[in-house]
Each structure stands twice: as C-alpha cells, then as structure tokens.
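J.: Coordinates in coords-v4.txt, compact mmCIF, C-alpha atoms, are listed below.
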# COMPACT_ATOMS: atom_id res chain seq x y z
CA MET A 1 -20.83 -13.13 -5.53
CA ARG A 2 -17.76 -14.39 -7.40
CA ALA A 3 -18.43 -11.97 -10.27
CA LEU A 4 -18.53 -9.07 -7.80
CA PHE A 5 -15.17 -10.12 -6.32
CA ILE A 6 -13.58 -10.34 -9.79
CA ALA A 7 -15.05 -6.96 -10.73
CA LEU A 8 -13.58 -5.37 -7.59
CA LEU A 9 -10.14 -6.74 -8.45
CA MET A 10 -10.31 -5.08 -11.85
CA LEU A 11 -11.15 -1.60 -10.54
CA PRO A 12 -8.49 1.03 -11.24
CA GLY A 13 -6.57 2.23 -8.22
CA ILE A 14 -6.74 -1.07 -6.39
CA ALA A 15 -3.22 -2.43 -6.34
CA SER A 16 -1.82 -5.33 -4.43
CA ALA A 17 1.07 -4.52 -2.17
CA THR A 18 4.60 -5.68 -2.91
CA GLY A 19 6.45 -6.99 0.11
CA ILE A 20 9.28 -4.77 1.34
CA ALA A 21 11.28 -7.98 1.91
CA ASP A 22 10.85 -8.86 -1.79
CA ILE A 23 12.23 -5.47 -2.83
CA ILE A 24 15.18 -5.70 -0.42
CA ALA A 25 16.00 -9.25 -1.55
CA SER A 26 16.02 -8.37 -5.25
CA PRO A 27 16.07 -4.57 -5.65
CA ASP A 28 17.26 -4.46 -9.26
CA THR A 29 14.11 -6.32 -10.29
CA TYR A 30 12.03 -3.35 -9.15
CA VAL A 31 14.14 -0.37 -10.33
CA GLY A 32 11.99 2.00 -12.37
CA LYS A 33 8.79 0.14 -11.51
CA SER A 34 5.81 1.45 -9.61
CA VAL A 35 5.06 -0.51 -6.44
CA THR A 36 2.79 -0.23 -3.43
CA VAL A 37 4.24 -1.18 -0.05
CA VAL A 38 2.73 -1.30 3.42
CA GLY A 39 4.60 -0.66 6.64
CA THR A 40 5.08 1.41 9.76
CA VAL A 41 6.83 4.80 9.63
CA GLU A 42 10.18 5.19 11.38
CA ASN A 43 12.88 7.88 11.33
CA ALA A 44 10.76 10.58 9.66
CA LEU A 45 12.94 13.52 8.65
CA PRO A 46 11.67 16.81 7.18
CA ILE A 47 13.87 18.27 4.45
CA GLY A 48 12.41 21.70 3.70
CA PRO A 49 8.97 21.09 2.17
CA GLU A 50 9.92 17.46 1.43
CA SER A 51 10.81 14.49 3.60
CA MET A 52 12.46 11.11 3.96
CA PHE A 53 11.30 8.28 6.18
CA ASP A 54 11.75 4.57 6.62
CA LEU A 55 8.84 2.21 6.15
CA ARG A 56 9.29 -0.97 8.21
CA ASP A 57 7.59 -4.30 7.71
CA GLY A 58 8.82 -6.78 10.30
CA ARG A 59 12.62 -7.05 10.15
CA VAL A 60 13.08 -5.14 6.87
CA LYS A 61 12.70 -1.48 5.98
CA LEU A 62 12.70 0.68 2.86
CA THR A 63 13.59 4.37 2.69
CA VAL A 64 10.91 6.59 1.15
CA MET A 65 11.62 9.99 -0.42
CA SER A 66 8.56 12.25 -0.52
CA HIS A 67 7.59 15.67 -1.87
CA ALA A 68 5.22 15.99 1.10
CA SER A 69 5.78 16.64 4.79
CA PRO A 70 6.83 13.61 6.87
CA PRO A 71 4.21 11.35 8.40
CA ALA A 72 4.22 10.75 12.14
CA ALA A 73 6.46 7.96 13.40
CA GLY A 74 4.44 4.85 14.21
CA THR A 75 1.83 5.53 11.52
CA ARG A 76 0.94 2.51 9.40
CA LEU A 77 0.85 3.53 5.72
CA SER A 78 0.33 2.18 2.24
CA VAL A 79 2.79 4.02 -0.02
CA THR A 80 2.90 3.91 -3.82
CA GLY A 81 5.90 5.09 -5.79
CA THR A 82 8.83 4.17 -8.01
CA ILE A 83 11.93 2.28 -6.89
CA ARG A 84 15.12 4.20 -7.71
CA GLU A 85 18.84 3.52 -7.33
CA ALA A 86 20.82 6.02 -5.28
CA HIS A 87 24.42 6.82 -6.29
CA VAL A 88 26.85 9.48 -5.13
CA GLY A 89 30.18 10.42 -6.67
CA ASP A 90 31.84 10.35 -10.06
CA THR A 91 32.11 7.21 -12.16
CA GLY A 92 35.50 6.27 -10.68
CA GLU A 93 34.40 6.75 -7.09
CA ASN A 94 30.75 5.81 -7.29
CA ARG A 95 29.27 4.85 -3.94
CA ASP A 96 26.09 2.82 -3.97
CA PHE A 97 23.38 3.38 -1.40
CA PRO A 98 20.31 1.26 -0.71
CA HIS A 99 17.47 1.61 -3.20
CA VAL A 100 14.73 4.10 -2.31
CA LEU A 101 11.02 4.45 -3.03
CA VAL A 102 10.14 7.84 -4.53
CA GLU A 103 6.59 8.39 -3.27
CA SER A 104 3.75 9.33 -5.57
CA SER A 105 0.91 8.75 -3.06
CA ARG A 106 0.21 7.49 0.45
CA SER A 107 -2.80 6.49 2.47
CA PRO A 108 -3.52 4.98 5.88
CA ALA A 109 -3.09 1.20 5.91
CA PRO A 110 -5.38 -1.18 7.74
Starting from the file, give its structure as structure tokens.
T.:
Amino acid sequence: MRALFIALLMLPGIASATGIADIIASPDTYVGKSVTVVGTVENALPIGPESMFDLRDGRVKLTVMSHASPPAAGTRLSVTGTIREAHVGDTGENRDFPHVLVESSRSPAP
C-alpha cells in the first residue's frame, strides 16, 4: 500500500497546492514560479475574451489574470499559473501593485 501511495505522488500533473497566505506573506519568493493555489472565486470580471478574478482562501486573496472567461463567483477552484509582479508607470513614477497569478489551467477543487 505504501508503494502505491509513493507512486501516486510521483505521477505527473499532481501538484501540491501553495497557500495563498504564503504567497501574500512573501511574494518575491514566488515571482516567476509556477504554483497551484486553491480558493473561492470572488469579484470575477470579464475583460473581452479574458478575465480577472480574486481567489480567496480564508482572510487572504490573490488576483488571477486569465485568458479564459471568468468563473462564477463562489466557485471553489484549483488554479495553476505563474506569479508575476505588476507595475505601472515610467521608472521615475513606478507604482507597484499586488502580485498576480497568470493562470495556465484551472479545475474544480474539492
């Protein structure tokens, strides 16, 4: 039985989730890295054929940018993507915004 459990852990596509709180607490640690997060959709906003939405886990949330249509608010999702920094303005007037997750895939979460 133990061998089966270890084999399942090694299967491709099975990734452990990173806590949204961990990303919020230390965002620069995750910039450019692929992560999987789990949370509940809030504030879904369509932007043409793309979308933005917040993924909440308890008291913390992470903004997700997606090339797909927005999921329904209240949906619990597992989202995989890359953490990116968001900046606006020229070098002298750079304004930092919270880090975002650029989605590469999503699926229903248990």
J.: With distances taken over all atoms listed in the file, which residue among A:Ala86, A:Val41, A:Val35, A:Val64 lies nearest Glu103 in chain A?
T.: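 The answer is A:Val64, which sits nearest to Glu103 in chain A.
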J.: Calculated over all atoms listed in the file, which of the candidates A:His67, A:His99, A:Arg56, A:Arg76 has the smallest distance to Val31 in chain A?
T.: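 Among the listed residues, the smallest separation from Val31 in chain A belongs to A:His99.
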J.: Could you tell me, as a list of chain:residue names, which residues have any atom at most 9 Å from (4.7, -3.9, -6.0), counting only C-alpha atoms?
T.: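 Checking each residue against the 9 Å limit leaves A:Ala15, A:Ser16, A:Ala17, A:Thr18, A:Gly19, A:Ile20, A:Asp22, A:Ile23, A:Tyr30, A:Lys33, A:Ser34, A:Val35, A:Thr36, A:Val37, A:Thr80.
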J.: Rounded to one decimal in Å, what is the spacing between CA of Glu42 in chain A and CA of Ser26 in chain A?
T.: 22.2 Å
J.: Measuring atom to atom with only C-alpha atoms, identify which of A:Pro110, A:Gly39, A:Gly32, A:Pro49 is nearest to Pro70 in chain A.
T.: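 Result for the nearest residue to Pro70 in chain A: A:Pro49.
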J.: For Pro46 in chain A, please output as a PyMOL selection string all residues within 9 Å (counting all atoms listed in the file; exclusion window: fewer than 6 positions along the same chain).
T.: chain A and resi 52-53+68-70
J.: Would you mind telling me which residue in A:Ala21, A:Ile83, A:Val60, A:Leu55 lies nearest to Ser104 in chain A when using only C-alpha atoms?
T.: A:Ile83
J.: Can you tell me how far CA of Leu45 in chain A sits from CA of Thr29 in chain A, in Å to one decimal?
T.: 27.5 Å
J.: Take CA of Ala25 in chain A and CA of Val79 in chain A and report the distance between them in Å, one decimal.
T.: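 Taking CA of Ala25 in chain A as the start and CA of Val79 in chain A as the end point, the length is 18.8 Å.
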J.: Show me the residues close to (-6.2, 2.0, 2.3) - anything with an atom within 10 Å, counting all atoms listed in the file - and format the list as a count of residues only.
T.: 10
J.: Identify which of the residues A:Arg84, A:Thr40, A:Asp28, A:Val100 lies closest to Thr63 in chain A, counting all atoms listed in the file when measuring atom-to-atom distances.
T.: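 Comparing A:Arg84, A:Thr40, A:Asp28, A:Val100 against Thr63 in chain A, the winner is A:Val100.
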